[in-house]
$ cat my_file.cif   # mmCIF, C-alpha atoms
data_query
#
loop_
_atom_site.label_atom_id
_atom_site.label_comp_id
_atom_site.auth_asym_id
_atom_site.auth_seq_id
_atom_site.Cartn_x
_atom_site.Cartn_y
_atom_site.Cartn_z
CA MET A 1 112.50 127.86 102.24
CA VAL A 2 113.34 125.96 105.42
CA LYS A 3 110.62 126.34 108.02
CA PRO A 4 111.76 126.66 111.67
CA LEU A 5 110.85 123.83 114.00
CA SER A 6 107.89 124.28 116.28
CA PHE A 7 106.93 122.37 119.38
CA LYS A 8 103.84 121.67 121.43
CA GLY A 9 102.85 124.74 123.40
CA ASP A 10 104.31 127.22 120.92
CA LYS A 11 101.99 130.09 120.06
CA LYS A 12 100.53 129.84 116.56
CA SER A 13 100.46 132.92 114.35
CA LYS A 14 97.02 134.45 114.01
CA LYS A 15 95.17 133.74 110.80
CA ARG A 16 93.73 136.61 108.76
CA LYS A 17 89.96 136.94 109.07
CA ARG A 18 88.09 136.03 105.94
CA THR A 19 86.20 138.78 104.17
CA GLU A 20 83.05 138.49 102.11
CA ALA A 21 85.22 138.65 98.99
CA ASP A 22 87.23 135.71 100.29
CA ARG A 23 84.05 133.69 100.78
CA SER A 24 82.84 134.52 97.29
CA ALA A 25 86.15 133.49 95.79
CA GLU A 26 86.07 130.32 97.83
CA ASN A 27 82.57 129.46 96.64
CA ALA A 28 83.55 130.09 93.05
CA GLY A 29 86.92 128.30 93.63
CA THR A 30 88.87 126.31 91.12
CA SER A 31 90.63 123.00 91.34
CA ASN A 32 93.97 124.73 90.74
CA LEU A 33 93.44 126.84 93.83
CA ALA A 34 92.44 123.75 95.78
CA VAL A 35 95.63 121.97 94.75
CA ALA A 36 97.73 125.00 95.65
CA ALA A 37 96.02 125.37 99.03
CA THR A 38 96.48 121.71 99.83
CA ALA A 39 100.12 121.82 98.81
CA GLU A 40 100.60 124.81 101.11
CA ASP A 41 98.86 122.98 103.97
CA ALA A 42 101.16 119.99 103.46
CA GLU A 43 104.20 122.30 103.39
CA ASN A 44 103.16 123.91 106.68
CA ASP A 45 102.19 120.68 108.46
CA ASP A 46 104.44 120.66 111.53
CA SER A 47 102.85 117.64 113.21
CA TRP A 48 105.03 114.60 113.96
CA VAL A 49 104.39 111.11 112.58
CA SER A 50 106.24 107.80 112.55
CA ALA A 51 108.46 106.76 109.66
CA ASP A 52 107.13 103.43 108.36
CA VAL A 53 109.80 102.57 105.80
CA VAL A 54 113.36 103.68 105.07
CA GLY A 55 112.12 105.78 102.15
CA ASP A 56 110.11 107.95 104.55
CA VAL A 57 113.14 109.15 106.50
CA GLN A 58 114.19 112.68 105.58
CA GLY A 59 114.25 116.10 107.17
CA PRO A 60 113.96 116.70 110.94
CA VAL A 61 113.68 113.42 112.85
CA MET A 62 113.59 112.22 116.44
CA ILE A 63 115.31 108.90 117.18
CA VAL A 64 113.31 107.17 119.91
CA LEU A 65 115.33 104.73 121.98
CA PRO A 66 114.03 101.39 123.40
CA THR A 67 114.17 102.41 127.05
CA GLY A 68 111.63 102.58 129.81
CA PRO A 69 110.49 105.25 130.28
CA PRO A 70 111.08 106.26 126.64
CA THR A 71 114.07 108.46 125.81
CA CYS A 72 115.50 109.78 122.58
CA LEU A 73 118.93 110.42 121.11
CA ALA A 74 120.20 113.95 121.82
CA CYS A 75 123.44 115.91 121.69
CA ASP A 76 124.76 118.90 123.61
CA ALA A 77 126.89 121.85 122.46
CA ASN A 78 130.09 119.88 123.14
CA GLY A 79 129.00 117.02 120.90
CA LYS A 80 128.21 114.65 123.74
CA ILE A 81 125.52 112.09 122.85
CA PHE A 82 123.02 111.12 125.53
CA ALA A 83 119.58 109.62 126.09
CA ASP A 84 117.17 112.46 126.85
CA PRO A 85 113.79 111.86 128.54
CA ILE A 86 110.79 112.46 126.26
CA VAL A 87 108.32 114.98 127.67
CA ASN A 88 105.81 115.17 124.82
CA ILE A 89 104.42 111.64 124.78
CA ILE A 90 101.03 109.98 125.36
CA ASP A 91 100.83 107.05 127.79
CA ALA A 92 104.55 106.32 127.31
CA ASN A 93 103.81 105.20 123.75
CA PRO A 94 106.93 105.75 121.57
CA ALA A 95 104.69 106.10 118.50
CA SER A 96 103.29 109.35 119.94
CA ALA A 97 106.61 110.97 120.89
CA GLU A 98 107.42 114.54 119.86
CA PRO A 99 110.50 116.63 120.69
CA HIS A 100 110.33 119.46 123.20
CA ASP A 101 113.95 120.54 122.77
CA VAL A 102 115.93 121.15 119.56
CA ARG A 103 118.76 119.02 120.99
CA GLN A 104 116.47 116.02 120.40
CA VAL A 105 116.13 116.75 116.69
CA TRP A 106 118.42 115.44 113.95
CA VAL A 107 118.23 116.35 110.28
CA ALA A 108 118.36 113.15 108.24
CA ASN A 109 119.58 113.13 104.64
CA LYS A 110 120.78 110.48 102.25
CA ILE A 111 124.41 110.81 101.25
CA TYR A 112 124.50 111.61 97.54
CA GLY A 113 125.03 108.59 95.32
CA THR A 114 124.54 106.07 98.13
CA GLU A 115 121.80 104.45 100.19
CA ASN A 116 123.48 105.63 103.40
CA PHE A 117 122.35 108.40 105.75
CA ARG A 118 123.88 111.23 107.70
CA PHE A 119 122.30 112.79 110.78
CA LYS A 120 123.08 116.43 111.61
CA GLY A 121 122.53 117.57 115.18
CA ARG A 122 121.36 120.85 116.66
CA TYR A 123 124.83 122.39 116.54
CA GLY A 124 125.61 121.56 112.91
CA LYS A 125 127.76 118.49 113.64
CA TYR A 126 127.10 114.94 112.42
CA LEU A 127 126.32 111.85 114.47
CA SER A 128 129.49 109.74 114.56
CA CYS A 129 130.64 106.37 115.92
CA ASP A 130 134.33 105.58 116.48
CA LYS A 131 136.01 102.17 116.49
CA TYR A 132 135.31 101.78 120.21
CA GLY A 133 131.57 102.32 119.78
CA ILE A 134 131.64 105.79 121.35
CA LEU A 135 129.07 108.15 119.86
CA SER A 136 129.63 111.87 119.36
CA ALA A 137 128.59 114.84 117.22
CA THR A 138 131.77 116.88 116.77
CA SER A 139 132.49 116.71 113.03
CA GLU A 140 131.26 119.13 110.38
CA ALA A 141 132.49 116.81 107.62
CA ILE A 142 131.28 113.39 106.48
CA SER A 143 133.57 110.37 106.68
CA SER A 144 132.88 106.69 107.23
CA LEU A 145 132.44 107.49 110.94
CA GLU A 146 129.48 109.76 110.18
CA THR A 147 127.91 107.39 107.67
CA TRP A 148 124.96 105.23 108.73
CA THR A 149 122.80 102.57 107.16
CA LEU A 150 119.13 102.44 108.12
CA ILE A 151 117.74 98.90 108.19
CA PRO A 152 114.08 97.90 108.76
CA THR A 153 113.79 95.58 111.75
CA PRO A 154 112.76 92.07 110.68
CA ASP A 155 109.30 91.10 111.99
CA THR A 156 108.79 94.50 113.69
CA PRO A 157 107.23 96.93 111.19
CA GLY A 158 107.80 100.62 111.79
CA THR A 159 111.10 100.13 113.64
CA PHE A 160 114.68 100.40 112.44
CA GLN A 161 118.29 99.50 113.10
CA LEU A 162 120.98 102.17 112.79
CA GLN A 163 124.15 100.49 111.56
CA SER A 164 127.63 101.99 111.37
CA GLN A 165 130.07 101.29 108.56
CA ARG A 166 131.80 98.80 110.88
CA GLU A 167 128.51 96.85 110.82
CA THR A 168 127.82 97.54 114.48
CA PHE A 169 124.50 98.89 115.73
CA LEU A 170 123.46 101.86 117.81
CA SER A 171 121.93 100.59 121.06
CA ALA A 172 120.52 101.87 124.31
CA LYS A 173 120.74 99.95 127.58
CA GLU A 174 119.40 100.74 131.00
CA SER A 175 122.00 102.05 133.42
CA THR A 176 123.41 99.66 136.00
CA LYS A 177 123.41 102.56 138.48
CA ALA A 178 120.23 103.35 140.39
CA GLY A 179 118.53 106.33 138.78
CA GLY A 180 121.22 106.58 136.13
CA ALA A 181 120.53 107.58 132.52
CA PRO A 182 120.45 104.85 129.85
CA GLU A 183 123.77 104.23 128.12
CA VAL A 184 123.87 104.85 124.36
CA ARG A 185 126.63 103.21 122.32
CA GLY A 186 127.37 102.13 118.77
CA ASP A 187 129.13 98.79 119.25
CA ALA A 188 126.29 96.24 119.41
CA THR A 189 127.05 93.30 117.11
CA GLU A 190 123.57 91.76 116.94
CA ILE A 191 120.03 92.97 116.38
CA THR A 192 118.20 92.88 119.72
CA PHE A 193 115.50 94.83 121.51
CA ALA A 194 118.22 97.25 122.68
CA THR A 195 119.06 98.17 119.07
CA THR A 196 115.46 98.56 117.87
CA LEU A 197 114.58 102.21 117.28
CA ARG A 198 111.55 104.22 116.22
CA ILE A 199 111.95 107.29 114.06
CA ARG A 200 109.52 110.16 114.38
CA MET A 201 109.49 112.80 111.67
CA GLN A 202 107.62 115.90 110.56
CA ALA A 203 104.57 114.98 108.51
CA ARG A 204 105.37 117.53 105.79
CA PHE A 205 108.46 115.52 104.83
CA LYS A 206 106.75 112.12 104.64
CA PRO A 207 106.33 111.30 100.93
CA ARG A 208 103.11 109.29 101.17
CA ILE A 209 101.31 111.88 103.27
CA LYS A 210 102.23 114.65 100.80
CA ALA A 211 101.15 112.53 97.85
CA THR A 212 97.82 111.62 99.45
CA LYS A 213 96.98 115.26 100.17
CA GLU A 214 97.83 116.28 96.63
CA GLU A 215 95.73 113.43 95.19
CA LYS A 216 92.74 114.48 97.29
CA ALA A 217 93.14 118.06 96.09
CA LYS A 218 93.09 116.94 92.49
CA GLU A 219 89.72 115.29 93.06
CA LYS A 220 88.18 118.67 93.82
CA ILE A 221 86.58 120.59 90.98
CA SER A 222 83.82 123.18 90.94
CA ARG A 223 80.53 122.94 89.04
CA LYS A 224 81.57 126.05 87.11
CA GLU A 225 84.74 124.33 85.82
CA LEU A 226 82.80 121.24 84.82
CA GLU A 227 80.27 123.30 82.88
CA GLU A 228 83.08 125.23 81.15
CA ALA A 229 84.73 121.94 80.19
CA VAL A 230 81.49 120.51 78.75
CA GLY A 231 80.32 123.78 77.17
CA ARG A 232 76.85 124.00 78.73
CA ARG A 233 74.93 124.00 81.99
CA LEU A 234 74.87 120.59 83.64
CA GLU A 235 72.18 118.70 85.45
CA GLU A 236 72.86 117.69 89.05
CA ASP A 237 73.29 114.02 88.16
CA GLU A 238 75.80 114.95 85.44
CA VAL A 239 77.87 116.95 87.93
CA ARG A 240 77.87 114.02 90.36
CA ALA A 241 78.85 111.60 87.58
CA LEU A 242 81.79 113.76 86.47
CA LYS A 243 83.07 114.25 90.02
CA LYS A 244 82.86 110.50 90.58
CA ALA A 245 84.73 109.95 87.31
CA ARG A 246 87.59 112.19 88.54
CA ARG A 247 87.91 110.05 91.65
CA GLU A 248 87.81 106.79 89.72
CA GLY A 249 90.10 107.85 86.87
CA ASP A 250 87.75 107.88 83.84
CA TYR A 251 86.97 111.60 83.88
CA HIS A 252 88.13 112.31 80.31
CA GLU A 253 86.02 109.48 78.89
CA ARG A 254 82.89 110.78 80.63
CA LEU A 255 83.70 114.31 79.50
CA LEU A 256 83.93 113.17 75.87
CA ASP A 257 80.62 111.34 76.22
CA LEU A 258 78.89 114.54 77.36
CA LYS A 259 80.53 116.63 74.63
CA SER A 260 79.43 114.07 72.07
CA LYS A 261 75.90 114.26 73.47
CA ASN A 262 76.03 118.06 72.98
CA LYS A 263 76.72 117.61 69.26
CA HIS A 264 73.90 115.08 68.83
CA ASP A 265 71.47 117.38 70.65
CA LYS A 266 72.55 120.34 68.48
CA TYR A 267 72.09 118.55 65.14
CA GLY A 268 69.39 116.09 66.10
#

$ encode --input "my_file.cif" --output "structure tokens"
Amino acid sequence: MVKPLSFKGDKKSKKRKRTEADRSAENAGTSNLAVAATAEDAENDDSWVSADVVGDVQGPVMIVLPTGPPTCLACDANGKIFADPIVNIIDANPASAEPHDVRQVWVANKIYGTENFRFKGRYGKYLSCDKYGILSATSEAISSLETWTLIPTPDTPGTFQLQSQRETFLSAKESTKAGGAPEVRGDATEITFATTLRIRMQARFKPRIKATKEEKAKEKISRKELEEAVGRRLEEDEVRALKKARREGDYHERLLDLKSKNKHDKYG
């Protein structure tokens, strides 16, 4: 189920108070419950992080432009593309930017069967670039105009180039008018600072973050489960050894060793 976007300052739903039964269940807990809980936490993680590689980019994203002060790519109800000032940011650091308006959010998806991307705006229309380099978001269908290639910036990790199918780049340049908004176009022919973008995304969509949380959950196992697996009560050092084995990947070998020891003790 798609989870609605949330922003800084939004009220969080109140969590149910834990009862004594909840605490007992938690103390008894199983690794399966731990995995499920961690998976749910990852699914509900609405914090924003930076995309590091092209493979990270999916779901709601914020395209941070190389302007000072920082702005991001946004669209209005008429499909006009513009550079919108970023409100949620720490010390003007683009790597800390978060959207405060849904017009600043694009939903990124790979186009099926290709390595290209499409970016859907707030009003259900796709980011497009015409032959003159003019950007818009007025089409509900995907053509070559709405098709983009995401390229890692050479020598600048964590940044990207957004390239059209005409092999031109999206760029942002400071306005020549005093106090004017930066100009955003799609007709740059070379990779420069003006074409170098950062992509912020929701943490729950970042593959490596989800995988890390799930791996940590799998490391968790209760003493009760370990004793059930071995078939007897365990000493404290045996519990520690088995938990360490789960982290290091030789859990089943250690488990067999203890089961074998059980048989020797029984018939010795």

$ resolve_selection --input "my_file.cif" --expression "the PyMOL selection byres ((chain A and resi 78) around 9)" --output "number ranges by chain"
A: 75-77, 79-80, 123, 136-138

$ resolve_selection --input "my_file.cif" --expression "the PyMOL selection byres ((chain A and resi 108-111) around 7)" --output "MDAnalysis selection string"
chainID A and resid 57:61 106:107 112:120

$ write_last_selection --input "my_file.cif" --atoms "C-alpha atoms" --output "PDB file, keeping the file's coordinate frame"
ATOM      1  CA  VAL A  57     113.140 109.150 106.500  1.00  0.00           C
ATOM      2  CA  GLN A  58     114.190 112.680 105.580  1.00  0.00           C
ATOM      3  CA  GLY A  59     114.250 116.100 107.170  1.00  0.00           C
ATOM      4  CA  PRO A  60     113.960 116.700 110.940  1.00  0.00           C
ATOM      5  CA  VAL A  61     113.680 113.420 112.850  1.00  0.00           C
ATOM      6  CA  TRP A 106     118.420 115.440 113.950  1.00  0.00           C
ATOM      7  CA  VAL A 107     118.230 116.350 110.280  1.00  0.00           C
ATOM      8  CA  TYR A 112     124.500 111.610  97.540  1.00  0.00           C
ATOM      9  CA  GLY A 113     125.030 108.590  95.320  1.00  0.00           C
ATOM     10  CA  THR A 114     124.540 106.070  98.130  1.00  0.00           C
ATOM     11  CA  GLU A 115     121.800 104.450 100.190  1.00  0.00           C
ATOM     12  CA  ASN A 116     123.480 105.630 103.400  1.00  0.00           C
ATOM     13  CA  PHE A 117     122.350 108.400 105.750  1.00  0.00           C
ATOM     14  CA  ARG A 118     123.880 111.230 107.700  1.00  0.00           C
ATOM     15  CA  PHE A 119     122.300 112.790 110.780  1.00  0.00           C
ATOM     16  CA  LYS A 120     123.080 116.430 111.610  1.00  0.00           C
TER      17      LYS A 120
END

$ atom_distance --input "my_file.cif" --atom1 "CA of Lys261 in chain A" --atom2 "CA of Arg233 in chain A"
13.0 Å

$ resolve_selection --input "my_file.cif" --expression "the PyMOL selection byres ((chain A and resi 199) around 10)" --output "list in words"
Val49, Ser50, Ala51, Asp52, Val53, Val54, Asp56, Val57, Val61, Met62, Ile63, Val64, Leu65, Cys72, Pro94, Ala95, Ala97, Gly158, Thr159, Phe160, Leu197, Arg198, Arg200 and Met201 of chain A

$ atom_distance --input "my_file.cif" --atom1 "CA of Leu255 in chain A" --atom2 "CA of Leu226 in chain A"
8.8 Å

$ atom_distance --input "my_file.cif" --atom1 "CA of Leu135 in chain A" --atom2 "CA of Pro99 in chain A"
20.4 Å

$ closest_residue --input "my_file.cif" --among "A:Ala181, A:Arg232, A:Ser139, A:Pro152" --to "Pro85 in chain A" --atoms "all atoms listed in the file"
A:Ala181

$ residues_around --input "my_file.cif" --residues "Glu140 in chain A" --least-positions-apart "4" --cutoff "7 Å" --atoms "only C-alpha atoms" --output "MDAnalysis selection string"
chainID A and resid 124:126

$ residues_around --input "my_file.cif" --residues "range 168-176 of chain A" --least-positions-apart "6" --cutoff "6 Å" --atoms "all atoms listed in the file" --output "MDAnalysis selection string"
chainID A and resid 162 182:189 194:195

$ closest_residue --input "my_file.cif" --among "A:Asp155, A:Asp257, A:Asp84, A:Glu248" --to "Val105 in chain A" --atoms "all atoms listed in the file"
A:Asp84

$ decode --input "my_file.cif" --residues "range 182-202 of chain A" --atoms "N, CA, C and O atoms" --output "compact mmCIF listing (two decimals), in the first residue's frame"
# COMPACT_ATOMS: atom_id res chain seq x y z
N PRO A 182 16.48 31.22 -10.14
CA PRO A 182 17.37 30.51 -11.06
C PRO A 182 16.60 29.97 -12.27
O PRO A 182 15.42 29.62 -12.17
N GLU A 183 17.27 29.90 -13.41
CA GLU A 183 16.64 29.40 -14.62
C GLU A 183 16.97 27.92 -14.79
O GLU A 183 18.13 27.51 -14.71
N VAL A 184 15.93 27.11 -15.00
CA VAL A 184 16.11 25.67 -15.16
C VAL A 184 15.79 25.31 -16.60
O VAL A 184 14.71 25.61 -17.11
N ARG A 185 16.75 24.64 -17.26
CA ARG A 185 16.56 24.26 -18.66
C ARG A 185 17.08 22.83 -18.89
O ARG A 185 17.68 22.25 -17.98
N GLY A 186 16.86 22.34 -20.09
CA GLY A 186 17.32 20.99 -20.40
C GLY A 186 18.16 20.92 -21.66
O GLY A 186 18.14 19.90 -22.35
N ASP A 187 18.91 22.00 -21.95
CA ASP A 187 19.67 22.04 -23.20
C ASP A 187 21.17 22.20 -23.02
O ASP A 187 21.88 22.55 -23.97
N ALA A 188 21.68 21.91 -21.82
CA ALA A 188 23.13 21.98 -21.61
C ALA A 188 23.80 20.84 -22.38
O ALA A 188 23.30 19.71 -22.38
N THR A 189 24.91 21.12 -23.02
CA THR A 189 25.58 20.10 -23.86
C THR A 189 26.80 19.49 -23.19
O THR A 189 27.37 18.53 -23.70
N GLU A 190 27.21 20.04 -22.05
CA GLU A 190 28.38 19.52 -21.35
C GLU A 190 28.08 19.37 -19.86
O GLU A 190 27.22 20.07 -19.31
N ILE A 191 28.81 18.46 -19.23
CA ILE A 191 28.69 18.29 -17.78
C ILE A 191 29.49 19.39 -17.10
O ILE A 191 30.70 19.53 -17.31
N THR A 192 28.80 20.19 -16.30
CA THR A 192 29.44 21.28 -15.56
C THR A 192 28.86 21.32 -14.16
O THR A 192 27.98 20.51 -13.82
N PHE A 193 29.27 22.27 -13.37
CA PHE A 193 28.70 22.43 -12.03
C PHE A 193 27.20 22.69 -12.13
O PHE A 193 26.41 22.20 -11.31
N ALA A 194 26.78 23.43 -13.16
CA ALA A 194 25.37 23.80 -13.33
C ALA A 194 24.48 22.60 -13.61
O ALA A 194 23.26 22.65 -13.42
N THR A 195 25.06 21.50 -14.08
CA THR A 195 24.26 20.30 -14.39
C THR A 195 24.34 19.23 -13.30
O THR A 195 23.73 18.17 -13.42
N THR A 196 25.10 19.52 -12.25
CA THR A 196 25.37 18.51 -11.21
C THR A 196 24.30 18.57 -10.12
O THR A 196 24.18 19.57 -9.41
N LEU A 197 23.55 17.50 -9.99
CA LEU A 197 22.39 17.46 -9.10
C LEU A 197 22.60 16.48 -7.95
O LEU A 197 23.34 15.51 -8.07
N ARG A 198 21.88 16.72 -6.86
CA ARG A 198 21.77 15.74 -5.78
C ARG A 198 20.34 15.24 -5.76
O ARG A 198 19.41 15.99 -6.04
N ILE A 199 20.19 13.98 -5.42
CA ILE A 199 18.85 13.40 -5.34
C ILE A 199 18.61 12.92 -3.92
O ILE A 199 19.34 12.08 -3.40
N ARG A 200 17.60 13.50 -3.31
CA ARG A 200 17.17 13.07 -1.98
C ARG A 200 15.97 12.15 -2.14
O ARG A 200 15.15 12.34 -3.04
N MET A 201 15.88 11.16 -1.28
CA MET A 201 14.82 10.16 -1.41
C MET A 201 14.38 9.68 -0.05
O MET A 201 15.08 9.88 0.96
N GLN A 202 13.22 9.03 0.01
CA GLN A 202 12.75 8.49 1.28
C GLN A 202 13.55 7.23 1.61
O GLN A 202 13.75 6.35 0.76
